[in-house]
$ cat my_file.txt   # compact mmCIF, C-alpha atoms
# COMPACT_ATOMS: atom_id res chain seq x y z
CA MET M 1 106.87 130.36 127.96
CA LYS M 2 103.10 130.09 127.57
CA ILE M 3 101.44 129.17 124.28
CA PRO M 4 97.68 129.20 123.66
CA TYR M 5 96.55 125.72 122.70
CA TYR M 6 93.61 124.35 120.72
CA PRO M 7 92.78 120.78 121.81
CA GLY M 8 90.01 119.98 119.30
CA CYS M 9 87.14 117.52 119.82
CA THR M 10 89.04 114.27 119.58
CA LEU M 11 91.86 115.19 121.94
CA ASN M 12 89.29 116.28 124.45
CA THR M 13 87.70 112.82 124.46
CA VAL M 14 88.88 109.58 122.80
CA ALA M 15 92.47 110.81 122.39
CA LYS M 16 92.81 112.36 125.86
CA ASP M 17 96.14 110.55 126.39
CA PHE M 18 97.57 112.48 123.43
CA ASP M 19 96.57 115.76 125.09
CA THR M 20 97.74 115.00 128.64
CA SER M 21 101.08 113.45 127.66
CA ALA M 22 101.82 116.49 125.49
CA LYS M 23 100.99 118.99 128.23
CA GLU M 24 103.06 117.17 130.83
CA SER M 25 106.00 116.87 128.41
CA ALA M 26 105.75 120.56 127.55
CA ARG M 27 106.18 121.45 131.23
CA ALA M 28 109.23 119.20 131.44
CA VAL M 29 110.96 120.94 128.55
CA GLY M 30 109.93 124.47 129.49
CA PHE M 31 106.64 125.61 128.04
CA GLU M 32 103.04 125.72 129.14
CA MET M 33 100.09 124.94 126.87
CA GLU M 34 97.03 126.98 127.81
CA ASP M 35 93.66 125.73 126.56
CA LEU M 36 91.69 128.40 124.73
CA GLU M 37 88.88 129.65 126.94
CA GLN M 38 86.33 129.02 124.23
CA TRP M 39 86.61 126.81 121.22
CA ASN M 40 84.53 124.76 118.80
CA CYS M 41 85.22 121.93 116.36
CA CYS M 42 87.49 122.98 113.48
CA GLY M 43 85.26 121.13 111.00
CA ALA M 44 87.73 118.26 110.62
CA SER M 45 88.28 118.97 106.93
CA PHE M 46 89.56 122.02 105.11
CA PRO M 47 87.05 122.82 102.34
CA LEU M 48 88.85 121.95 99.11
CA THR M 49 86.54 124.05 96.98
CA PRO M 50 87.39 127.75 97.31
CA ASP M 51 83.76 128.84 96.91
CA ASN M 52 82.80 126.94 100.09
CA ILE M 53 82.95 129.93 102.43
CA MET M 54 80.73 128.20 104.98
CA GLY M 55 83.39 125.55 105.63
CA LEU M 56 85.80 128.28 106.72
CA THR M 57 83.62 129.74 109.44
CA ALA M 58 84.17 127.09 112.15
CA PRO M 59 87.98 127.26 112.00
CA ALA M 60 87.83 131.06 111.57
CA LYS M 61 85.88 131.31 114.81
CA VAL M 62 88.61 129.29 116.58
CA LEU M 63 91.34 131.50 115.12
CA SER M 64 89.52 134.66 116.13
CA GLU M 65 89.16 133.37 119.71
CA ALA M 66 92.84 132.37 119.75
CA LYS M 67 93.91 135.84 118.65
CA LYS M 68 92.44 137.18 121.90
CA ALA M 69 94.85 134.91 123.80
CA GLY M 70 98.03 135.74 121.91
CA ASP M 71 99.82 135.87 118.58
CA ARG M 72 100.52 132.15 118.34
CA LEU M 73 98.34 129.08 118.52
CA THR M 74 99.60 125.55 118.90
CA THR M 75 97.78 122.29 118.30
CA LEU M 76 98.53 118.56 118.20
CA CYS M 77 96.01 116.80 115.96
CA SER M 78 97.23 116.72 112.35
CA VAL M 79 93.78 117.51 110.99
CA CYS M 80 93.12 120.45 113.33
CA TYR M 81 96.57 121.76 112.45
CA ASN M 82 95.91 121.42 108.72
CA VAL M 83 92.45 123.03 108.85
CA LEU M 84 93.47 125.91 111.13
CA LYS M 85 96.69 126.69 109.30
CA ARG M 86 95.11 126.60 105.85
CA THR M 87 92.10 128.64 106.92
CA ASN M 88 94.39 131.18 108.55
CA LYS M 89 96.31 131.51 105.30
CA VAL M 90 93.12 132.07 103.31
CA LEU M 91 91.97 134.76 105.74
CA HIS M 92 95.39 136.39 105.58
CA ASP M 93 95.92 136.25 101.81
CA ASP M 94 92.45 136.46 100.29
CA LYS M 95 90.71 139.79 100.90
CA ALA M 96 87.38 138.77 99.36
CA ARG M 97 86.99 135.58 101.36
CA ARG M 98 88.20 137.31 104.52
CA LYS M 99 85.46 139.89 104.06
CA SER M 100 82.75 137.26 103.50
CA VAL M 101 83.76 135.20 106.52
CA ASN M 102 84.02 138.21 108.79
CA GLU M 103 80.69 139.61 107.64
CA PHE M 104 79.06 136.29 108.42
CA MET M 105 80.72 136.02 111.83
CA GLU M 106 80.33 139.72 112.64
CA ASP M 107 84.03 139.77 113.38
CA ASP M 108 87.19 141.33 112.01
CA TYR M 109 89.83 138.62 112.19
CA ASP M 110 92.70 139.28 109.77
CA GLY M 111 94.68 136.02 109.63
CA SER M 112 97.62 137.45 111.57
CA LEU M 113 97.91 134.52 113.97
CA ASP M 114 100.88 132.16 113.72
CA VAL M 115 99.56 128.57 113.77
CA VAL M 116 102.27 126.13 114.86
CA HIS M 117 102.31 122.42 115.50
CA TYR M 118 103.62 121.13 118.82
CA LEU M 119 106.49 119.51 116.91
CA GLU M 120 107.50 122.94 115.61
CA VAL M 121 107.60 124.32 119.13
CA LEU M 122 109.86 121.42 120.17
CA ARG M 123 112.10 121.84 117.13
CA ASP M 124 112.21 125.63 116.72
CA ASP M 125 111.58 127.07 120.20
CA ILE M 126 113.07 124.44 122.49
CA GLY M 127 115.47 122.71 120.05
CA PHE M 128 116.15 119.00 119.82
CA GLU M 129 119.61 119.44 121.41
CA LYS M 130 118.00 120.93 124.50
CA LEU M 131 115.33 118.22 124.40
CA LYS M 132 118.06 115.59 124.39
CA GLU M 133 119.55 117.10 127.53
CA THR M 134 116.16 116.93 129.26
CA VAL M 135 115.68 113.21 128.57
CA THR M 136 115.96 111.13 131.74
CA LYS M 137 115.01 107.73 130.33
CA PRO M 138 116.55 107.35 126.85
CA LEU M 139 114.59 105.02 124.58
CA GLU M 140 117.64 102.94 123.82
CA GLY M 141 117.18 100.12 121.37
CA VAL M 142 113.67 101.20 120.38
CA LYS M 143 113.32 101.02 116.61
CA ALA M 144 110.53 103.50 115.88
CA GLY M 145 108.88 104.28 112.56
CA ALA M 146 107.60 107.87 112.28
CA TYR M 147 104.28 107.84 110.43
CA TYR M 148 103.31 111.29 109.12
CA GLY M 149 100.29 110.57 106.94
CA CYS M 150 98.81 113.42 104.88
CA MET M 151 97.50 116.31 106.92
CA LEU M 152 100.68 117.18 108.79
CA LEU M 153 102.51 117.66 105.48
CA ARG M 154 100.25 118.59 102.57
CA PRO M 155 99.88 120.84 100.73
CA PHE M 156 103.47 121.97 101.21
CA ASP M 157 102.87 125.61 100.20
CA ASP M 158 100.21 126.03 102.89
CA ILE M 159 101.67 123.84 105.65
CA GLY M 160 105.44 123.76 105.16
CA ILE M 161 106.33 122.14 108.48
CA ASP M 162 108.86 119.96 106.67
CA ASN M 163 109.79 118.47 103.30
CA ALA M 164 106.48 117.02 102.08
CA GLU M 165 108.09 114.01 100.36
CA ALA M 166 110.89 113.24 102.82
CA PRO M 167 110.12 114.76 106.23
CA THR M 168 112.49 114.16 109.17
CA VAL M 169 111.09 116.25 112.04
CA MET M 170 109.72 113.24 113.91
CA GLU M 171 112.83 111.16 113.27
CA ASP M 172 114.94 114.02 114.62
CA MET M 173 112.76 114.10 117.74
CA LEU M 174 113.02 110.32 118.15
CA LYS M 175 116.82 110.55 117.91
CA ALA M 176 116.82 113.18 120.66
CA LEU M 177 114.83 110.75 122.81
CA GLY M 178 117.50 108.09 122.31
CA ALA M 179 115.40 105.91 120.00
CA THR M 180 116.50 104.57 116.62
CA PRO M 181 114.25 106.00 113.88
CA VAL M 182 113.37 103.64 111.05
CA ASP M 183 112.66 105.17 107.65
CA PHE M 184 109.94 103.42 105.62
CA PRO M 185 108.46 104.04 102.16
CA ASP M 186 104.83 104.53 103.23
CA LYS M 187 105.48 107.10 105.97
CA ILE M 188 103.71 109.89 104.05
CA GLU M 189 100.89 107.73 102.66
CA CYS M 190 97.24 108.05 103.67
CA CYS M 191 95.61 105.74 106.28
CA GLY M 192 92.19 105.97 104.62
CA ALA M 193 91.01 108.76 106.97
CA HIS M 194 87.25 109.43 107.06
CA LEU M 195 86.54 106.53 104.71
CA ALA M 196 86.43 104.66 108.05
CA MET M 197 82.80 105.77 107.98
CA ASN M 198 81.74 103.97 104.82
CA ASN M 199 84.61 102.11 103.16
CA LYS M 200 86.38 99.70 105.52
CA GLU M 201 87.96 97.80 102.63
CA VAL M 202 89.95 100.85 101.51
CA VAL M 203 90.95 101.77 105.09
CA GLN M 204 92.18 98.26 105.84
CA ARG M 205 94.19 98.12 102.65
CA LEU M 206 95.79 101.55 103.11
CA SER M 207 96.46 101.23 106.84
CA GLY M 208 97.64 97.66 106.35
CA ASN M 209 100.14 98.86 103.74
CA VAL M 210 101.50 101.50 106.14
CA ILE M 211 101.99 99.01 108.98
CA ALA M 212 103.54 96.38 106.71
CA SER M 213 105.85 98.97 105.15
CA ALA M 214 107.11 100.04 108.59
CA ALA M 215 107.46 96.46 109.85
CA ASN M 216 109.34 95.42 106.72
CA GLU M 217 111.98 98.05 107.44
CA GLY M 218 112.34 96.79 111.00
CA ALA M 219 110.12 99.20 112.94
CA GLU M 220 109.06 97.73 116.29
CA ILE M 221 106.70 100.58 117.11
CA ILE M 222 104.89 103.20 114.97
CA VAL M 223 104.54 106.81 116.07
CA THR M 224 101.68 109.04 114.88
CA THR M 225 100.47 112.64 115.21
CA CYS M 226 96.83 111.99 114.34
CA PRO M 227 93.99 110.29 116.27
CA LEU M 228 92.35 109.17 113.03
CA CYS M 229 95.56 107.51 111.78
CA GLN M 230 95.84 105.87 115.20
CA TYR M 231 92.24 104.63 115.03
CA ASN M 232 92.56 103.31 111.48
CA LEU M 233 95.92 101.60 112.02
CA GLU M 234 94.89 99.96 115.28
CA GLY M 235 91.48 99.08 113.90
CA THR M 236 93.12 97.35 110.95
CA GLN M 237 95.30 95.30 113.28
CA GLU M 238 92.33 94.32 115.39
CA SER M 239 90.01 93.36 112.55
CA ALA M 240 89.55 89.64 112.29
CA ASN M 241 90.32 89.38 108.58
CA ALA M 242 93.46 91.51 108.53
CA ASP M 243 96.80 89.83 108.17
CA THR M 244 98.71 92.77 109.60
CA PRO M 245 101.87 92.82 111.77
CA ASN M 246 100.99 93.56 115.39
CA VAL M 247 103.32 96.56 115.76
CA PRO M 248 102.30 98.94 118.60
CA ILE M 249 100.88 102.29 117.42
CA VAL M 250 101.37 105.25 119.79
CA TYR M 251 101.19 109.04 119.78
CA PHE M 252 104.59 110.69 119.57
CA THR M 253 103.89 112.46 122.86
CA GLN M 254 103.51 109.14 124.68
CA LEU M 255 107.10 108.19 123.82
CA LEU M 256 108.18 111.77 124.52
CA GLY M 257 106.62 111.60 128.00
CA LEU M 258 108.22 108.24 128.68
CA ALA M 259 111.68 109.54 127.73
CA LEU M 260 111.16 112.63 129.87
CA GLY M 261 110.56 110.46 132.90
CA GLN M 262 106.79 110.69 133.27
CA ASP M 263 105.03 107.94 135.18
CA ALA M 264 104.13 105.37 132.50
CA ALA M 265 100.82 104.74 134.27
CA ASN M 266 99.70 108.26 133.25
CA LEU M 267 100.71 107.97 129.60
CA GLY M 268 97.77 105.84 128.49
CA PHE M 269 99.66 102.85 127.11
CA ASP M 270 96.89 100.67 128.52
CA ASN M 271 94.53 102.32 126.02
CA ASN M 272 96.77 101.36 123.11
CA GLY M 273 96.60 97.94 121.53
CA GLY M 274 97.66 94.98 123.67
CA ALA M 275 101.10 94.72 122.09
CA THR M 276 102.20 98.14 123.36
CA GLU M 277 102.70 97.50 127.06
CA LYS M 278 104.24 94.12 126.34
CA PHE M 279 106.75 95.71 123.97
CA LEU M 280 107.71 98.52 126.37
CA LYS M 281 108.14 96.00 129.22
CA LYS M 282 110.38 93.89 127.02
CA LYS M 283 112.52 96.96 126.40
CA GLY M 284 112.67 97.64 130.13
CA LEU M 285 110.96 101.02 129.73
CA ILE M 286 107.90 100.39 131.90
CA MET P 1 85.44 105.93 64.49
CA LYS P 2 84.78 109.60 64.17
CA ILE P 3 84.56 111.61 67.38
CA LYS P 4 82.92 114.99 67.15
CA LEU P 5 83.99 117.37 69.86
CA GLY P 6 82.68 120.90 69.95
CA LYS P 7 82.85 123.90 72.21
CA GLU P 8 79.45 122.88 73.55
CA ASP P 9 81.09 119.71 74.93
CA ILE P 10 84.41 120.94 76.26
CA ASP P 11 83.27 124.33 77.46
CA SER P 12 79.69 123.66 78.47
CA SER P 13 78.06 125.64 81.26
CA LEU P 14 78.44 122.56 83.46
CA ILE P 15 82.20 122.43 82.84
CA GLN P 16 82.39 126.13 83.61
CA GLN P 17 80.45 125.55 86.82
CA ILE P 18 82.82 122.72 87.85
CA GLU P 19 85.80 125.01 87.27
CA ARG P 20 84.16 127.81 89.22
CA VAL P 21 83.24 125.62 92.21
CA SER P 22 86.49 123.65 92.36
CA GLY P 23 88.77 126.56 91.49
CA GLU P 24 90.67 124.29 89.09
CA THR P 25 91.46 124.91 85.42
CA ILE P 26 90.68 121.59 83.79
CA LYS P 27 92.66 122.21 80.62
CA ARG P 28 95.92 122.72 82.50
CA CYS P 29 96.23 118.94 82.95
CA TYR P 30 98.55 117.46 80.32
CA GLN P 31 97.89 113.83 81.26
CA CYS P 32 101.31 112.85 82.62
CA GLY P 33 99.75 110.35 85.02
CA ASN P 34 101.64 111.37 88.19
CA CYS P 35 98.36 111.72 90.08
CA SER P 36 97.21 108.18 89.37
CA GLY P 37 100.71 106.94 90.19
CA GLY P 38 100.67 108.57 93.63
CA CYS P 39 96.98 108.15 94.46
CA PRO P 40 96.52 105.56 97.24
CA VAL P 41 92.94 104.83 96.18
CA SER P 42 93.16 104.86 92.38
CA TYR P 43 92.94 101.05 92.50
CA ALA P 44 89.41 101.38 93.88
CA MET P 45 88.26 104.11 91.48
CA GLU P 46 86.19 103.19 88.44
CA ILE P 47 87.81 106.17 86.73
CA PRO P 48 91.32 106.88 88.11
CA PRO P 49 92.56 110.46 88.73
CA THR P 50 94.33 111.10 85.41
CA GLN P 51 91.27 109.88 83.52
CA VAL P 52 89.01 112.02 85.73
CA MET P 53 90.74 115.06 84.25
CA ARG P 54 90.52 113.62 80.71
CA TYR P 55 86.81 112.90 81.03
CA LEU P 56 86.29 116.53 82.03
CA GLN P 57 88.48 117.80 79.20
CA LEU P 58 86.26 115.85 76.82
CA GLY P 59 83.08 117.10 78.47
CA MET P 60 82.08 113.61 79.62
CA VAL P 61 80.63 114.81 82.93
CA GLU P 62 77.68 112.42 83.05
CA GLU P 63 79.89 109.31 82.80
CA LEU P 64 82.21 110.69 85.45
CA MET P 65 79.39 111.56 87.85
CA ALA P 66 78.04 108.02 87.50
CA SER P 67 81.37 106.51 88.60
CA ASN P 68 82.48 106.01 92.21
CA SER P 69 85.63 108.14 91.88
CA MET P 70 84.47 111.25 93.72
CA TRP P 71 83.24 109.18 96.68
CA VAL P 72 86.44 107.15 96.94
CA CYS P 73 88.86 110.11 96.85
CA VAL P 74 90.02 110.65 100.42
CA GLY P 75 91.50 114.12 99.82
CA CYS P 76 95.07 113.22 100.87
CA LEU P 77 96.42 115.67 98.24
CA GLN P 78 99.16 113.38 96.98
CA CYS P 79 97.87 114.09 93.43
CA PHE P 80 98.29 117.83 93.89
CA SER P 81 101.59 117.42 95.68
CA ARG P 82 103.09 115.63 92.67
CA CYS P 83 101.37 117.47 89.82
CA PRO P 84 103.84 119.38 87.60
CA GLN P 85 100.95 121.64 86.53
CA SER P 86 99.64 122.34 90.06
CA VAL P 87 96.28 120.79 89.28
CA SER P 88 94.42 119.27 92.23
CA VAL P 89 92.32 116.28 91.21
CA ALA P 90 91.21 116.14 94.86
CA ASN P 91 89.78 119.67 94.64
CA THR P 92 88.15 118.83 91.31
CA LEU P 93 86.48 115.75 92.79
CA GLU P 94 85.35 117.74 95.82
CA GLY P 95 83.79 120.16 93.35
CA LEU P 96 81.83 117.26 91.82
CA ARG P 97 80.73 116.07 95.28
CA GLN P 98 79.60 119.60 96.06
CA LEU P 99 77.46 119.66 92.91
CA VAL P 100 75.61 116.59 94.21
CA LEU P 101 75.43 117.59 97.88
CA ARG P 102 74.26 121.13 97.10
CA LYS P 103 71.20 119.61 95.49
CA GLY P 104 70.46 118.02 98.85
CA GLU P 105 71.30 114.52 97.65
CA ASP P 106 73.10 112.68 100.47
CA HIS P 107 75.60 109.99 99.56
CA ASP P 108 75.41 108.37 103.00
CA ARG P 109 72.55 108.06 105.43
CA ILE P 110 73.41 108.83 109.03
CA GLU P 111 71.23 105.94 110.23
CA ASP P 112 73.36 103.50 108.20
CA ILE P 113 76.52 104.23 110.17
CA PRO P 114 77.16 101.27 112.50
CA LEU P 115 76.62 102.08 116.18
CA PRO P 116 80.08 100.84 117.32
CA MET P 117 81.60 103.27 114.82
CA LEU P 118 79.57 106.17 116.22
CA LYS P 119 80.53 105.18 119.77
CA ASN P 120 84.23 104.47 119.36
CA ALA P 121 85.52 106.40 116.37
CA PRO P 122 87.28 109.73 116.83
CA GLN P 123 84.76 112.55 116.32
CA MET P 124 86.94 113.87 113.54
CA ALA P 125 86.10 110.80 111.41
CA ILE P 126 82.37 111.40 111.79
CA VAL P 127 82.52 115.18 111.32
CA CYS P 128 84.75 114.88 108.26
CA GLY P 129 82.64 112.05 106.86
CA PHE P 130 79.47 114.13 107.22
CA ARG P 131 81.13 117.04 105.44
CA LYS P 132 82.19 114.85 102.55
CA PHE P 133 79.13 112.62 102.17
CA VAL P 134 76.09 114.40 103.61
CA SER P 135 74.44 117.58 102.33
$ encode --input "my_file.txt" --output "structure tokens"
Amino acid sequence: MKIPYYPGCTLNTVAKDFDTSAKESARAVGFEMEDLEQWNCCGASFPLTPDNIMGLTAPAKVLSEAKKAGDRLTTLCSVCYNVLKRTNKVLHDDKARRKSVNEFMEDDYDGSLDVVHYLEVLRDDIGFEKLKETVTKPLEGVKAGAYYGCMLLRPFDDIGIDNAEAPTVMEDMLKALGATPVDFPDKIECCGAHLAMNNKEVVQRLSGNVIASAANEGAEIIVTTCPLCQYNLEGTQESANADTPNVPIVYFTQLLGLALGQDAANLGFDNNGGATEKFLKKKGLI
Amino acid sequence: MKIKLGKEDIDSSLIQQIERVSGETIKRCYQCGNCSGGCPVSYAMEIPPTQVMRYLQLGMVEELMASNSMWVCVGCLQCFSRCPQSVSVANTLEGLRQLVLRKGEDHDRIEDIPLPMLKNAPQMAIVCGFRKFVS
């Protein structure tokens, strides 16, 4: 099974490990992610004001390109997923805005693409039972907290990947990998996102709360789907003035790849915070 | 104290413009407070989300625009997610930001962003930040 794939700017550069571990894992469970031939940045934020047509054009261009490659498009980054899925819905449901965007782009994209997150492909196409059978190195004894943040879940009516208040898709995946998922109260709270640019105090407080919340419930490692969450959480741990538990923060695909028997040297754990490799060695996984 | 509130306050052309830009109907909010309860950054806002809606209902746009609330909102949509009236304070605050940015008034200067941030941060942080803070 081949699925057209949109990497996005960040997965093409600073979060390359997220991209490569996902592609390798996909092959192991039976699907192939094919990079779109041409793509541009999605804009990294869905325009919250409906009269901001201009903010829809970048993601619309991506969607239009993707439609040439197939009827489905998958992506990994929570923000890309949110922006592409919401824009697609606008172009599908709202005739007037569809017309404006298409006139501007000199295109005729109709919003008929199905935008799916990698986790949905694992859950709905492959199935977690099948995934469990493919695991060669079960993550036994690994207490993992699944951190969802905002963009993978909200708003529910537009995204709908899972229950927006009590999601379980990542916990279900972690169970299939042999790990022990740890539920924690802040798993759907915001990390501070783009305020990293101008408001470190807020980011450190929000990200610090998320890490502390997970650690309090016994999580030994935190799993994310978003490079910005990863950056903010790790950055908060590394900042000199933060009194934050040093729990490793990894992309869900890094643990997925590990459980599927990929060479740990290719999974990028050396690019995660210092505690990560130490923790995985202690567990006998690398 | 007597408060005089007329149509010219609560339905001014500016209020109408805010509703048009944000797509939100300000008077739908019935002040239950769920948004402020769920908002991760209300602690840092000079006017928290529930009061943002009240200020607008009372036509107090100038006071609201002078506060830091619109620049602190991170757009996580927890307010909207938990609103029994389907009002999005996040969309409303983005509408207010748009009013400022569309006049060409930047909130942040690109040259003030620290170099390590530009070098190491995920591009998505910079791109999103520019969209939210720069005209």
$ closest_residue --input "my_file.txt" --among "P:Ile126, P:Ile113, P:Val134, P:Met60" --to "Ala44 (chain M)" --atoms "all atoms listed in the file"
P:Ile126
$ atom_distance --input "my_file.txt" --atom1 "CA of Leu101 (chain P)" --atom2 "CA of Pro50 (chain M)"
15.7 Å
$ residues_near_point --input "my_file.txt" --point "(96.2, 131.7, 106.7)" --cutoff "12 Å" --atoms "all atoms listed in the file" --output "JSON, numbers by chain"
{"M": [46, 56, 59, 60, 63, 64, 81, 82, 83, 84, 85, 86, 87, 88, 89, 90, 91, 92, 93, 94, 95, 97, 98, 109, 110, 111, 112, 113, 114, 115, 116, 157, 158, 159]}
$ atom_distance --input "my_file.txt" --atom1 "CA of Gly104 (chain P)" --atom2 "CA of Gln123 (chain P)"
23.2 Å
$ atom_distance --input "my_file.txt" --atom1 "CA of Val223 (chain M)" --atom2 "CA of Val250 (chain M)"
5.1 Å
$ residues_around --input "my_file.txt" --residues "Thr253 (chain M)" --least-positions-apart "2" --cutoff "8 Å" --atoms "only C-alpha atoms" --output "compact mmCIF listing (two decimals) with C-alpha atoms, in the frame of the given file"
# COMPACT_ATOMS: atom_id res chain seq x y z
CA PHE M 18 97.57 112.48 123.43
CA SER M 21 101.08 113.45 127.66
CA ALA M 22 101.82 116.49 125.49
CA SER M 25 106.00 116.87 128.41
CA TYR M 251 101.19 109.04 119.78
CA LEU M 255 107.10 108.19 123.82
CA LEU M 256 108.18 111.77 124.52
CA GLY M 257 106.62 111.60 128.00
$ closest_atom_pairs --input "my_file.txt" --of "chain M" --to "chain P" --cutoff "6 Å" --atoms "only C-alpha atoms" --output "CSV"
residue,atom,partner,partner_atom,distance
M:Thr10,CA,P:Pro122,CA,5.6
M:Ala44,CA,P:Cys128,CA,5.1
M:Ser45,CA,P:Cys128,CA,5.6
M:Leu48,CA,P:Asn91,CA,5.1
M:Thr49,CA,P:Ser22,CA,4.6
M:Asp51,CA,P:Val21,CA,5.7
M:Cys150,CA,P:Cys76,CA,5.5
M:His194,CA,P:Ala125,CA,4.7
$ write_last_selection --input "my_file.txt" --atoms "C-alpha atoms" --output "mmCIF file, keeping the file's coordinate frame"
data_model
loop_
_atom_site.group_PDB
_atom_site.id
_atom_site.type_symbol
_atom_site.label_atom_id
_atom_site.label_comp_id
_atom_site.auth_asym_id
_atom_site.auth_seq_id
_atom_site.Cartn_x
_atom_site.Cartn_y
_atom_site.Cartn_z
ATOM 1 C CA THR M 10 89.040 114.270 119.580
ATOM 2 C CA ALA M 44 87.730 118.260 110.620
ATOM 3 C CA SER M 45 88.280 118.970 106.930
ATOM 4 C CA LEU M 48 88.850 121.950 99.110
ATOM 5 C CA THR M 49 86.540 124.050 96.980
ATOM 6 C CA ASP M 51 83.760 128.840 96.910
ATOM 7 C CA CYS M 150 98.810 113.420 104.880
ATOM 8 C CA HIS M 194 87.250 109.430 107.060
#
$ residues_around --input "my_file.txt" --residues "Val62 (chain M)" --least-positions-apart "5" --cutoff "9 Å" --atoms "only C-alpha atoms" --output "MDAnalysis selection string"
chainID M and resid 6 36 38:42 57 67 84
$ residues_around --input "my_file.txt" --residues "Cys229 (chain M)" --least-positions-apart "3" --cutoff "7 Å" --atoms "all atoms listed in the file" --output "PDB file with C-alpha atoms, keeping the file's coordinate frame"
ATOM      1  CA  CYS M 191      95.610 105.740 106.280  1.00  0.00           C
ATOM      2  CA  ALA M 193      91.010 108.760 106.970  1.00  0.00           C
ATOM      3  CA  CYS M 226      96.830 111.990 114.340  1.00  0.00           C
ATOM      4  CA  ASN M 232      92.560 103.310 111.480  1.00  0.00           C
ATOM      5  CA  LEU M 233      95.920 101.600 112.020  1.00  0.00           C
TER       6      LEU M 233
END
$ closest_residue --input "my_file.txt" --among "P:Val89, P:Leu14, P:Leu5, P:Met70" --to "Arg28 (chain P)" --atoms "all atoms listed in the file"
P:Val89
$ residues_around --input "my_file.txt" --residues "Gly284 (chain M)" --least-positions-apart "3" --cutoff "12 Å" --atoms "all atoms listed in the file" --output "ChimeraX atom specification"
/M:137-142,258,264,277-281
$ axis_aligned_box --input "my_file.txt" --around "region 57-68 of chain P" --padding-each-side "4 Å" --output "lines of an AutoDock Vina configuration file"
center_x = 83.1
center_y = 111.9
center_z = 84.5
size_x = 18.8
size_y = 19.8
size_z = 23.4
$ residues_around --input "my_file.txt" --residues "Pro185 (chain M)" --least-positions-apart "2" --cutoff "9 Å" --atoms "only C-alpha atoms" --output "PyMOL selection string"
chain M and resi 183+187-189+210+213-214+217
$ closest_residue --input "my_file.txt" --among "M:Leu131, M:Gly268, M:Thr244, M:Pro4" --to "Asp172 (chain M)" --atoms "only C-alpha atoms"
M:Leu131
$ residues_near_point --input "my_file.txt" --point "(95.4, 97.5, 103.2)" --cutoff "10 Å" --atoms "all atoms listed in the file" --output "ChimeraX atom specification"
/M:191-192,200-212,233,236,242-244
$ decode --input "my_file.txt" --residues "region 8-19 of chain P" --atoms "N, CA and C atoms" --output "mmCIF file, in the first residue's frame"
data_model
loop_
_atom_site.group_PDB
_atom_site.id
_atom_site.type_symbol
_atom_site.label_atom_id
_atom_site.label_comp_id
_atom_site.auth_asym_id
_atom_site.auth_seq_id
_atom_site.Cartn_x
_atom_site.Cartn_y
_atom_site.Cartn_z
ATOM 1 N N GLU P 8 -25.121 52.451 20.491
ATOM 2 C CA GLU P 8 -23.875 52.938 19.898
ATOM 3 C C GLU P 8 -22.646 52.316 20.581
ATOM 4 N N ASP P 9 -22.833 51.789 21.818
ATOM 5 C CA ASP P 9 -21.723 51.116 22.493
ATOM 6 C C ASP P 9 -21.666 49.637 22.119
ATOM 7 N N ILE P 10 -22.816 48.972 22.270
ATOM 8 C CA ILE P 10 -22.793 47.510 22.142
ATOM 9 C C ILE P 10 -22.936 47.036 20.702
ATOM 10 N N ASP P 11 -23.296 47.920 19.816
ATOM 11 C CA ASP P 11 -23.416 47.496 18.415
ATOM 12 C C ASP P 11 -22.754 48.513 17.494
ATOM 13 N N SER P 12 -21.603 49.014 17.952
ATOM 14 C CA SER P 12 -20.887 50.024 17.178
ATOM 15 C C SER P 12 -20.350 49.410 15.887
ATOM 16 N N SER P 13 -19.895 50.241 14.983
ATOM 17 C CA SER P 13 -19.367 49.703 13.724
ATOM 18 C C SER P 13 -18.112 48.881 13.994
ATOM 19 N N LEU P 14 -17.375 49.247 15.057
ATOM 20 C CA LEU P 14 -16.172 48.485 15.398
ATOM 21 C C LEU P 14 -16.536 47.078 15.890
ATOM 22 N N ILE P 15 -17.572 46.995 16.718
ATOM 23 C CA ILE P 15 -18.038 45.675 17.192
ATOM 24 C C ILE P 15 -18.504 44.842 15.994
ATOM 25 N N GLN P 16 -19.217 45.492 15.095
ATOM 26 C CA GLN P 16 -19.677 44.765 13.901
ATOM 27 C C GLN P 16 -18.498 44.266 13.067
ATOM 28 N N GLN P 17 -17.465 45.113 12.996
ATOM 29 C CA GLN P 17 -16.270 44.716 12.235
ATOM 30 C C GLN P 17 -15.590 43.520 12.907
ATOM 31 N N ILE P 18 -15.481 43.538 14.236
ATOM 32 C CA ILE P 18 -14.855 42.435 14.973
ATOM 33 C C ILE P 18 -15.634 41.137 14.740
ATOM 34 N N GLU P 19 -16.954 41.229 14.739
ATOM 35 C CA GLU P 19 -17.768 40.038 14.478
ATOM 36 C C GLU P 19 -17.582 39.543 13.049
#
